[in-house]
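Shown next: my_file_24.txt, given as compact mmCIF, C-alpha atoms.
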# COMPACT_ATOMS: atom_id res chain seq x y z
CA MET A 1015 117.19 31.72 86.20
CA SER A 1016 115.37 35.04 86.02
CA ARG A 1017 115.55 37.71 88.68
CA TRP A 1018 112.48 39.76 89.62
CA ASP A 1019 113.84 42.92 88.10
CA ASP A 1020 115.08 41.43 84.87
CA LEU A 1021 114.23 43.57 81.89
CA PRO A 1022 112.36 42.15 78.91
CA ASP A 1023 114.48 41.13 75.96
CA ALA A 1024 113.55 44.26 74.05
CA MET A 1025 114.98 46.47 76.79
CA ARG A 1026 118.05 44.42 77.68
CA GLY A 1027 121.32 45.94 76.60
CA GLU A 1028 119.66 48.90 74.97
CA ARG A 1029 119.97 52.48 76.00
CA MET A 1030 117.06 54.74 75.19
CA ASP A 1031 118.09 57.60 72.95
CA ASP A 1032 118.13 61.05 74.52
CA GLY A 1033 115.28 62.37 72.38
CA THR A 1034 112.92 59.57 73.39
CA LEU A 1035 113.95 59.87 77.00
CA ASP A 1036 113.47 63.62 76.92
CA ARG A 1037 109.91 63.32 75.63
CA LEU A 1038 109.17 60.65 78.20
CA LEU A 1039 110.51 62.77 81.04
CA ARG A 1040 108.49 65.77 79.98
CA GLY A 1041 105.33 63.69 80.23
CA ARG A 1042 104.64 63.99 76.54
CA THR A 1043 104.73 60.37 75.49
CA ALA A 1044 101.47 58.41 75.31
CA PRO A 1045 101.75 54.87 76.69
CA ASP A 1046 101.07 53.38 73.27
CA ASP A 1047 103.87 55.44 71.75
CA ALA A 1048 106.42 54.51 74.38
CA PRO A 1049 109.30 52.12 73.60
CA ALA A 1050 108.69 48.46 74.37
CA GLY A 1051 108.60 47.82 78.11
CA TYR A 1052 108.10 51.51 78.97
CA SER A 1053 104.39 52.00 78.44
CA ASP A 1054 103.68 51.93 82.19
CA VAL A 1055 106.55 54.29 82.84
CA ALA A 1056 104.93 56.61 80.35
CA SER A 1057 101.61 56.27 82.21
CA VAL A 1058 103.26 57.14 85.51
CA LEU A 1059 105.06 60.17 84.09
CA LEU A 1060 101.89 61.36 82.36
CA ALA A 1061 100.10 61.22 85.69
CA VAL A 1062 102.85 63.26 87.38
CA ALA A 1063 102.73 65.88 84.64
CA SER A 1064 98.93 66.03 84.43
CA LEU A 1065 97.03 69.30 84.57
CA PRO A 1066 96.49 70.86 87.98
CA VAL A 1067 93.51 69.55 89.91
CA GLU A 1068 91.05 71.82 91.67
CA GLU A 1069 92.45 71.07 95.10
CA GLU A 1070 95.86 72.35 94.07
CA LEU A 1071 94.38 75.71 93.09
CA SER A 1072 91.88 76.04 95.92
CA MET A 1073 93.86 78.85 97.57
CA GLU A 1074 94.56 80.76 94.40
CA ALA A 1075 92.71 83.98 95.31
CA GLN A 1076 94.27 84.19 98.77
CA HIS A 1077 97.76 83.42 97.51
CA VAL A 1078 97.59 85.98 94.72
CA ALA A 1079 96.35 88.59 97.19
CA ALA A 1080 99.14 87.68 99.58
CA ALA A 1081 101.67 88.01 96.78
CA ARG A 1082 100.36 91.47 95.94
CA ASN A 1083 100.66 92.49 99.57
CA ALA A 1084 104.17 91.09 99.73
CA MET A 1085 105.03 93.18 96.70
CA GLY A 1086 103.57 96.32 98.30
CA HIS A 1087 100.48 96.58 96.11
CA ARG A 1088 97.71 96.92 98.65
CA THR A 1089 95.04 98.43 96.43
CA VAL A 1090 93.81 96.62 93.37
CA GLY A 1091 95.74 97.86 90.37
CA ARG A 1092 96.80 101.08 92.12
CA PRO A 1093 100.15 101.26 93.82
CA ILE A 1094 100.56 103.55 96.84
CA TRP A 1095 103.12 106.03 95.60
CA PRO A 1096 100.83 107.99 93.19
CA ARG A 1097 98.58 108.99 96.08
CA ARG A 1098 101.54 110.27 98.06
CA THR A 1099 102.81 112.12 95.03
CA LEU A 1100 99.39 113.67 94.46
CA ALA A 1101 99.20 114.85 98.05
CA GLY A 1102 102.65 116.40 97.76
CA LEU A 1103 101.70 118.18 94.57
CA LEU A 1104 98.57 119.57 96.17
CA VAL A 1105 100.53 120.92 99.13
CA ALA A 1106 103.23 122.40 96.92
CA GLY A 1107 100.62 123.89 94.61
CA GLY A 1108 98.82 125.46 97.54
CA LEU A 1109 102.01 127.01 98.86
CA LEU A 1110 102.80 128.45 95.46
CA ALA A 1111 99.26 129.70 94.90
CA ILE A 1112 98.93 131.68 98.15
CA PRO A 1113 101.45 134.42 97.24
CA GLY A 1114 99.86 134.70 93.84
CA LEU A 1115 96.41 135.15 95.29
CA ALA A 1116 97.78 137.61 97.81
CA ALA A 1117 99.39 139.66 95.05
CA ALA A 1118 96.04 139.75 93.30
CA ASN A 1119 94.39 140.77 96.58
CA SER A 1120 92.10 137.77 96.16
CA LEU A 1121 92.41 136.30 99.63
CA PRO A 1122 89.90 136.88 102.43
CA ASP A 1123 90.71 140.05 104.36
CA THR A 1124 92.18 138.31 107.37
CA ALA A 1125 94.28 135.94 105.27
CA GLN A 1126 95.32 138.81 103.02
CA HIS A 1127 96.53 140.79 106.00
CA ALA A 1128 98.42 137.84 107.44
CA VAL A 1129 100.08 136.91 104.16
CA SER A 1130 100.92 140.54 103.52
CA ARG A 1131 102.69 140.83 106.85
CA VAL A 1132 104.64 137.59 106.30
CA LEU A 1133 105.69 138.48 102.78
CA ASP A 1134 106.55 142.00 103.84
CA LYS A 1135 109.19 140.56 106.17
CA VAL A 1136 110.96 138.96 103.22
CA GLY A 1137 110.75 142.07 101.08
CA ILE A 1138 107.72 141.15 98.98
CA SER A 1139 105.00 143.74 98.87
CA VAL A 1140 101.41 142.66 98.36
CA PRO A 1141 98.20 144.57 99.08
CA ASP A 1142 97.15 144.60 102.71
CA THR A 1143 93.59 144.71 103.90
CA GLN A 1144 93.18 145.74 107.51
CA PRO A 1145 90.69 143.41 109.14
CA GLN A 1146 87.52 145.20 110.25
CA PRO A 1147 86.16 144.75 113.76
CA THR A 1148 83.21 142.50 113.80
CA THR A 1149 82.09 142.78 117.43
CA SER A 1150 81.79 145.51 120.01
CA GLY A 1151 84.62 143.86 121.93
CA ASP A 1152 87.20 144.49 119.22
CA HIS A 1153 89.96 146.98 119.78
CA PRO A 1154 89.03 150.52 118.66
CA ALA A 1155 90.21 151.45 115.21
CA SER A 1156 91.90 154.70 116.32
CA THR A 1157 95.52 154.72 117.39
CA GLY A 1158 96.97 156.30 120.49
CA ALA A 1159 98.75 158.92 118.40
CA GLU A 1160 95.47 159.93 116.81
CA ILE A 1161 93.77 160.23 120.15
CA SER A 1162 96.66 162.20 121.55
CA SER A 1163 96.64 164.53 118.59
CA ILE A 1164 92.94 165.23 119.04
CA ALA A 1165 93.39 165.85 122.73
CA THR A 1166 96.16 168.40 122.22
CA THR A 1167 95.01 170.19 119.11
CA THR A 1168 91.25 170.39 119.16
CA ASP A 1169 89.59 173.71 119.80
CA LEU A 1170 86.76 171.97 121.54
CA THR A 1171 86.57 172.14 125.24
CA GLY A 1172 84.64 170.56 128.01
CA VAL A 1173 82.03 167.98 127.24
CA ALA A 1174 82.41 168.36 123.51
CA LYS A 1175 86.15 167.66 123.63
CA GLY A 1176 85.68 164.69 125.92
CA ALA A 1177 82.92 163.34 123.74
CA LEU A 1178 85.09 163.63 120.62
CA ILE A 1179 88.02 161.87 122.25
CA SER A 1180 85.88 159.16 123.75
CA SER A 1181 84.04 158.57 120.53
CA THR A 1182 87.28 158.40 118.56
CA ALA A 1183 88.93 156.10 121.07
CA SER A 1184 85.95 153.76 121.10
CA GLY A 1185 85.55 153.66 117.38
CA GLY A 1186 82.26 155.48 117.58
CA THR A 1187 80.61 153.22 120.06
CA SER A 1188 80.92 155.54 123.04
CA GLN A 1189 78.05 157.90 123.84
CA ALA A 1190 80.08 159.83 126.32
CA GLY A 1191 79.34 163.56 126.34
CA GLN A 1192 76.13 163.24 124.40
CA HIS A 1193 74.27 164.12 127.52
CA GLY A 1194 76.81 166.70 128.62
CA GLY A 1195 74.33 169.58 128.05
CA ALA A 1196 71.84 167.99 130.31
CA ALA A 1197 74.57 167.41 132.83
CA ILE A 1198 75.48 171.11 132.79
CA ALA A 1199 71.84 172.07 133.09
CA GLN A 1200 71.59 169.79 136.05
CA ALA A 1201 74.75 171.14 137.64
CA SER A 1202 72.80 172.21 140.69
CA SER A 1203 71.51 168.78 141.18
CA ALA A 1204 73.27 166.18 143.26
CA PRO A 1205 76.40 164.77 141.73
CA VAL A 1206 75.90 161.61 139.74
CA PRO A 1207 78.72 159.11 139.98
CA THR A 1208 80.43 158.20 136.74
CA PRO A 1209 78.95 154.86 135.91
CA ASN A 1210 81.90 153.40 134.02
CA THR A 1211 85.50 154.47 133.80
CA GLY A 1212 86.61 151.72 131.44
CA GLY A 1213 86.56 153.87 128.34
CA THR A 1214 88.75 156.38 130.01
CA GLY A 1215 91.32 153.76 130.69
CA THR A 1216 91.20 152.53 127.12
CA ALA A 1217 91.59 156.02 125.72
CA ASP A 1218 94.30 156.79 128.21
CA THR A 1219 96.25 153.71 127.36
CA ALA A 1220 95.79 154.19 123.65
CA SER A 1221 96.85 157.79 123.73
CA GLY A 1222 99.67 157.46 126.15
CA GLY A 1223 97.93 159.50 128.82
CA ALA A 1224 96.88 162.44 126.66
CA ALA A 1225 93.41 161.15 126.05
CA ASP A 1226 92.20 161.68 129.58
CA GLN A 1227 92.43 165.41 129.22
CA GLY A 1228 89.04 165.60 127.58
CA THR A 1229 87.58 163.31 130.15
CA VAL A 1230 88.96 165.40 132.98
CA VAL A 1231 87.70 168.60 131.39
CA ALA A 1232 84.31 167.09 130.76
CA ASP A 1233 84.18 165.81 134.28
CA GLN A 1234 85.09 169.16 135.72
CA HIS A 1235 82.50 170.96 133.66
CA SER A 1236 79.78 168.52 134.46
CA GLY A 1237 80.37 168.52 138.12
CA GLY A 1238 81.45 164.94 138.01
CA ARG A 1239 78.37 163.75 136.20
CA SER A 1240 79.83 163.45 132.70
CA ALA A 1241 80.12 159.99 131.20
CA ALA A 1242 82.95 161.11 128.90
CA GLY A 1243 85.39 158.34 128.22
CA SER A 1244 83.02 155.78 129.62
CA GLY A 1245 81.06 153.14 127.95
CA ASN A 1246 83.58 152.25 125.26
CA GLY A 1247 84.74 149.10 126.85
CA MET B 893 101.78 81.01 78.81
CA GLY B 894 101.93 83.14 75.71
CA GLY B 895 103.45 86.59 75.93
CA PHE B 896 105.51 85.69 78.93
CA ASP B 897 107.33 89.01 78.93
CA ASP B 898 104.03 90.89 79.07
CA VAL B 899 102.75 88.68 81.86
CA LEU B 900 105.96 89.13 83.81
CA ALA B 901 105.94 92.90 83.37
CA ALA B 902 102.32 93.13 84.50
CA ALA B 903 102.97 90.84 87.44
CA ARG B 904 105.80 93.10 88.55
CA GLU B 905 103.30 95.96 88.59
CA GLY B 906 101.06 93.91 90.84
CA GLU B 907 98.40 93.16 88.23
CA ALA B 908 96.26 90.40 89.66
CA TRP B 909 95.55 88.73 86.33
CA ALA B 910 99.27 88.37 85.60
CA LEU B 911 100.10 87.09 89.05
CA THR B 912 97.28 84.59 88.65
CA GLN B 913 98.82 83.30 85.43
CA LEU B 914 102.20 82.89 87.05
CA TYR B 915 100.58 81.24 90.04
CA ARG B 916 98.76 78.70 87.91
CA ALA B 917 101.94 77.99 86.01
CA ILE B 918 104.07 77.14 89.03
CA TYR B 919 102.11 76.67 92.24
CA PRO B 920 100.56 73.24 91.43
CA ARG B 921 104.02 72.11 90.35
CA PHE B 922 105.44 73.24 93.68
CA VAL B 923 102.78 71.29 95.56
CA ARG B 924 103.58 68.09 93.68
CA TYR B 925 107.31 68.57 94.02
CA ALA B 926 107.03 69.30 97.75
CA SER B 927 104.60 66.44 98.31
CA ALA B 928 107.31 64.04 97.21
CA VAL B 929 109.41 65.08 100.20
CA ALA B 930 106.99 66.44 102.78
CA PRO B 931 103.45 65.38 101.92
CA GLY B 932 101.93 66.96 105.03
CA ASP B 933 103.57 70.32 104.44
CA ALA B 934 103.43 70.50 100.67
CA HIS B 935 100.98 73.39 100.53
CA ASP B 936 102.80 75.41 103.18
CA ILE B 937 106.13 74.95 101.45
CA ALA B 938 104.61 75.83 98.10
CA ALA B 939 102.94 78.93 99.54
CA ASP B 940 106.18 80.13 101.12
CA ALA B 941 108.02 79.58 97.87
CA TRP B 942 105.32 81.46 95.99
CA LEU B 943 105.66 84.48 98.28
CA ASP B 944 109.44 84.36 97.95
CA ILE B 945 109.00 84.51 94.20
CA ALA B 946 106.57 87.41 94.42
CA ARG B 947 108.99 89.40 96.57
CA SER B 948 111.90 88.66 94.25
CA LEU B 949 110.03 89.05 90.97
CA GLU B 950 111.58 92.44 90.31
CA ARG B 951 115.06 90.93 90.25
CA PHE B 952 114.31 88.06 87.87
CA ARG B 953 115.68 88.27 84.32
CA GLY B 954 115.03 85.66 81.66
CA ASP B 955 112.47 83.80 79.62
CA GLU B 956 109.73 81.41 80.66
CA SER B 957 112.03 78.41 80.90
CA ALA B 958 114.49 80.35 83.01
CA PHE B 959 111.60 81.49 85.18
CA ARG B 960 110.60 77.91 85.95
CA ALA B 961 114.17 77.00 86.77
CA TRP B 962 114.49 80.06 89.01
CA ALA B 963 111.19 79.28 90.71
CA PHE B 964 112.15 75.70 91.40
CA THR B 965 115.48 76.80 92.78
CA ILE B 966 113.54 78.86 95.31
CA ALA B 967 111.11 76.02 96.05
CA ARG B 968 113.95 73.56 96.53
CA ARG B 969 115.65 75.96 98.93
CA ARG B 970 112.43 76.05 100.93
CA LEU B 971 112.37 72.27 101.04
CA LEU B 972 115.94 72.09 102.23
CA ASP B 973 115.21 74.67 104.91
CA LEU B 974 112.33 72.55 106.13
CA GLN B 975 114.48 69.46 106.21
CA ARG B 976 117.20 71.23 108.15
CA SER B 977 114.73 72.59 110.68
CA ARG B 978 113.18 69.17 111.12
CA ALA B 979 116.56 67.58 111.51
CA ARG B 980 117.19 69.88 114.48
CA ARG B 981 113.95 68.86 116.16
CA ARG B 982 114.43 65.81 118.34
CA THR B 983 110.71 65.14 118.40
CA ASP B 984 110.61 64.73 114.64
CA PRO B 985 110.22 60.99 114.17
CA ILE B 986 111.27 60.74 110.53
CA ASP B 987 113.50 62.80 108.30
CA PRO B 988 111.27 63.41 105.28
CA ARG B 989 114.29 63.20 103.03
CA ALA B 990 114.55 59.56 103.98
CA LEU B 991 111.27 58.98 102.21
CA ILE B 992 113.09 59.39 98.94
CA GLY B 993 115.26 56.45 98.09
CA ALA B 994 114.22 54.48 101.12
CA GLY B 995 114.00 51.36 99.04
CA ASP B 996 111.15 48.99 98.44
CA HIS B 997 107.80 49.98 99.92
CA GLY B 998 105.67 47.14 98.70
CA ASP B 999 102.59 48.00 100.67
CA VAL B 1000 102.57 51.57 99.47
CA GLU B 1001 102.94 50.49 95.89
CA GLU B 1002 100.24 47.84 96.16
CA ASP B 1003 97.79 50.27 97.68
CA ALA B 1004 98.60 52.89 95.14
CA LEU B 1005 98.15 50.55 92.21
CA ALA B 1006 94.42 50.85 92.78
CA SER B 1007 94.63 54.33 91.37
CA LEU B 1008 96.75 55.89 88.69
CA GLY B 1009 96.44 59.28 90.24
CA THR B 1010 99.15 61.86 90.52
CA GLY B 1011 99.76 61.13 94.17
CA TRP B 1012 100.28 57.48 93.50
CA ALA B 1013 102.68 58.19 90.65
CA ILE B 1014 104.77 60.51 92.81
CA SER B 1015 104.79 57.97 95.62
CA LEU B 1016 105.94 55.28 93.23
CA ILE B 1017 108.82 57.43 92.04
CA THR B 1018 109.98 58.44 95.51
CA SER B 1019 109.71 54.93 96.89
CA SER B 1020 111.34 53.16 93.95
CA LEU B 1021 114.27 55.38 93.12
CA SER B 1022 117.30 56.72 94.89
CA ARG B 1023 117.03 60.24 96.25
CA ASP B 1024 118.98 61.82 93.40
CA GLN B 1025 117.19 59.73 90.75
CA ALA B 1026 113.79 60.70 92.14
CA GLU B 1027 114.68 64.37 92.29
CA VAL B 1028 115.94 64.38 88.72
CA VAL B 1029 112.75 62.73 87.46
CA LEU B 1030 110.48 65.02 89.48
CA LEU B 1031 112.28 68.19 88.45
CA ARG B 1032 112.26 67.15 84.82
CA VAL B 1033 108.62 66.01 84.75
CA ILE B 1034 106.95 68.35 87.22
CA GLY B 1035 109.15 71.35 86.54
CA ASP B 1036 109.25 70.75 82.80
CA LEU B 1037 112.96 71.50 83.01
CA GLY B 1038 115.85 70.45 80.80
CA VAL B 1039 119.00 68.62 81.76
CA ASN B 1040 121.10 71.75 82.13
CA GLU B 1041 118.49 73.48 84.29
CA VAL B 1042 118.15 70.47 86.58
CA ALA B 1043 121.92 70.25 86.82
CA SER B 1044 122.08 73.86 87.86
CA ILE B 1045 119.36 73.46 90.49
CA MET B 1046 120.91 70.33 91.99
CA GLY B 1047 124.46 71.55 91.74
CA LYS B 1048 125.59 68.68 89.54
CA ARG B 1049 127.06 68.33 86.08
CA PRO B 1050 124.72 67.77 83.12
CA GLY B 1051 126.42 64.46 82.37
CA THR B 1052 125.62 63.27 85.87
CA ILE B 1053 121.99 64.24 85.41
CA ARG B 1054 121.80 62.24 82.16
CA VAL B 1055 123.17 59.15 83.81
CA LEU B 1056 120.79 59.54 86.74
CA GLN B 1057 117.74 59.91 84.54
CA HIS B 1058 118.59 56.90 82.37
CA ARG B 1059 119.03 54.73 85.43
CA ALA B 1060 115.85 56.13 86.97
CA ILE B 1061 113.72 55.24 83.97
CA ARG B 1062 115.13 51.74 83.71
CA ARG B 1063 114.56 51.25 87.43
CA LEU B 1064 110.96 52.44 87.16
CA ALA B 1065 110.34 50.03 84.31
CA GLN B 1066 111.75 47.17 86.38
CA VAL B 1067 109.59 48.00 89.39
CA LEU B 1068 106.44 48.26 87.32
CA ARG B 1069 107.20 44.98 85.55
CA ARG B 1070 107.75 43.28 88.87
CA GLU B 1071 104.40 44.56 90.05
CA GLY B 1072 102.80 42.95 87.04
CA VAL B 1073 101.38 46.02 85.45
CA THR B 1074 103.53 45.91 82.32
CA ARG B 1075 101.33 45.86 79.30
Kindly return the structure encoded in the file as structure tokens.
Amino acid sequence: MSRWDDLPDAMRGERMDDGTLDRLLRGRTAPDDAPAGYSDVASVLLAVASLPVEEELSMEAQHVAAARNAMGHRTVGRPIWPRRTLAGLLVAGGLLAIPGLAAANSLPDTAQHAVSRVLDKVGISVPDTQPQPTTSGDHPASTGAEISSIATTTDLTGVAKGALISSTASGGTSQAGQHGGAAIAQASSAPVPTPNTGGTGTADTASGGAADQGTVVADQHSGGRSAAGSGNG
Amino acid sequence: MGGFDDVLAAAREGEAWALTQLYRAIYPRFVRYASAVAPGDAHDIAADAWLDIARSLERFRGDESAFRAWAFTIARRRLLDLQRSRARRRTDPIDPRALIGAGDHGDVEEDALASLGTGWAISLITSSLSRDQAEVVLLRVIGDLGVNEVASIMGKRPGTIRVLQHRAIRRLAQVLRREGVTR
């Protein structure tokens, strides 16, 4: 009596050698080359080991891109770290280049002045370019000491002295005293109020109080009509 | 996959062409291997395993054969994770692992005999063999792995794997003869 799973005579009692079994299990045995009774097994294993079908590779592009993202490569063929390194090099290069340019006095005036002051604090001396005023609202170029010196040493008196002090304090923008002669000539006329005392204050502050001497003198000599020290605000 | 070392080195640098070669070499195998256990989730499992490999590529050392064994170790771990998570879900009607070695599935085999496609062949193996026999055959055929590599992946001795594969082939021959397709 034969059972349903009886093996054919050729297979009964035999054990396939390891080499044959190995080729069969790697899907490399054609059905016609398989041992007796194993041709269909060979067909099944060939089917399992067949080349990939299109459906199995349908997500290839997305999966490769996902793998690259998972690995940290977000830009095609260009990892992130070189860009960071480049940015760092640019910053470091810039920081190193600024003192060099300052030493060569090649920076813009304002930057040159700023760098000069910073480096001066750490004992490095580079040329300094004093920024020039660019608008009438800038602070006058003259210092208080200079104004004070003029006020106490000049031989000028009256309108001329006031005009010199005012002009110096205002960096040349004041016209105070230029009409002092006319003011003296018109001394008999009614007093004319001083239109603007701002320049006086500026000169006074800059000179520590000495600068108003000229203004006072000019005012006295003009009967209060001198504009000395005014108009430099 | 000629020049495997070059491909691996380029893939580690994120070169798309190299990753594509590795992908084509292993991803379809993962899908077939996973489909034997969890047909509905085969692509998801394979994709997760692929990403695991990409993340771990820097740590891999070895040749092409070792790479396949390493990759299938990762894929198998993914499968086991899925099975464990499903086992914890009360709403899961069937443990997919039970599909392997569940015994005779005559209807499945009869339907599948209409086509000698890959899916049918995998179904025949999983429905005809014990769980260990089916896994040995699938790892050897789909993974193109040797006895020692399969033994390492499954945590068994090489001698055990040889016995399992001999019995699996004889069993497959018996089932196919019974079905009347023996030539």
Using all atoms listed in the file, find each residue in chain B having at least one atom no more than 6 Å away from chain A; report its shortest atom-to-atom pair and that distance in Å (one decimal), rows by chain then rising number, as a Markdown table.
| residue | atom | partner | partner_atom | distance |
| --- | --- | --- | --- | --- |
| B:Gly906 | CA | A:Arg1082 | CA | 5.7 |
| B:Glu907 | CA | A:Gly1091 | CA | 5.8 |
| B:Pro920 | CA | A:Glu1070 | CA | 5.5 |
| B:Leu943 | CA | A:Ala1081 | CA | 5.5 |
| B:Ala946 | CA | A:Ala1081 | CA | 5.5 |
| B:Arg947 | CA | A:Met1085 | CA | 5.5 |
| B:Thr1010 | CA | A:Ala1061 | CA | 5.0 |
| B:Ala1013 | CA | A:Val1058 | CA | 5.3 |
| B:Val1033 | CA | A:Arg1040 | CA | 4.8 |
| B:Ile1034 | CA | A:Ala1063 | CA | 5.5 |
| B:Asp1036 | CA | A:Arg1040 | CA | 5.8 |
| B:Ala1065 | CA | A:Val1055 | CA | 5.9 |
| B:Gln1066 | CA | A:Asp1019 | CA | 5.0 |
| B:Arg1070 | CA | A:Trp1018 | CA | 5.9 |
- What is the CA of Tyr915 (chain B)-CA of Gln1057 (chain B) distance in Å, reported with one decimal? 27.9 Å
- Message: I'd like to know which of B:Arg960, B:Val1029, B:Leu972, B:Ala928 is closest to Ile1061 (chain B), using all atoms listed in the file.
- Response: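 Comparing B:Arg960, B:Val1029, B:Leu972, B:Ala928 against Ile1061 (chain B), the winner is B:Val1029.
Residues surrounding region 922-924 of chain B within 8 Å are Val1062 and Glu1070 of chain A; Ala934, His935, Ile937, Ala938, Phe964, Ala967, Gly1011, Ile1014 and Ile1034 of chain B [all atoms listed in the file; sequence separation below 6 positions excluded].
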- Message: I'd like the contact shell of region 1038-1054 of chain B - 8 Å cut-off, all atoms listed in the file, skipping same-chain residues fewer than 4 positions apart - returned as a PyMOL selection string.
- Response: chain B and resi 961+964-965+1028+1031-1032+1058
Residues as selected, C-alpha atoms, written as an mmCIF file, in the frame of the given file, can you do that?
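So out-v1.cif came out as:
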data_model
loop_
_atom_site.group_PDB
_atom_site.id
_atom_site.type_symbol
_atom_site.label_atom_id
_atom_site.label_comp_id
_atom_site.auth_asym_id
_atom_site.auth_seq_id
_atom_site.Cartn_x
_atom_site.Cartn_y
_atom_site.Cartn_z
ATOM 1 C CA ALA B 961 114.170 77.000 86.770
ATOM 2 C CA PHE B 964 112.150 75.700 91.400
ATOM 3 C CA THR B 965 115.480 76.800 92.780
ATOM 4 C CA VAL B 1028 115.940 64.380 88.720
ATOM 5 C CA LEU B 1031 112.280 68.190 88.450
ATOM 6 C CA ARG B 1032 112.260 67.150 84.820
ATOM 7 C CA HIS B 1058 118.590 56.900 82.370
#
- Task: Go ahead and compute the interatomic distance for CA of Arg1069 (chain B) and CA of Gly1009 (chain B), in Å to one decimal.
- Result: 18.5 Å
- Could you please determine the separation between CA of Val899 (chain B) and CA of Thr912 (chain B) in Å, to one decimal place?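 CA of Thr912 (chain B) lies at a distance of 9.6 Å from CA of Val899 (chain B).
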- Task: Would you mind listing what lies within 10 Å of Gly954 (chain B) as a list of chain:residue names, with only C-alpha atoms counted and same-chain residues fewer than 3 positions away left out?
- Result: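 Selected residues are B:Phe896, B:Asp897, B:Leu900, B:Ser957, B:Ala958, B:Phe959, B:Arg960, B:Trp962.
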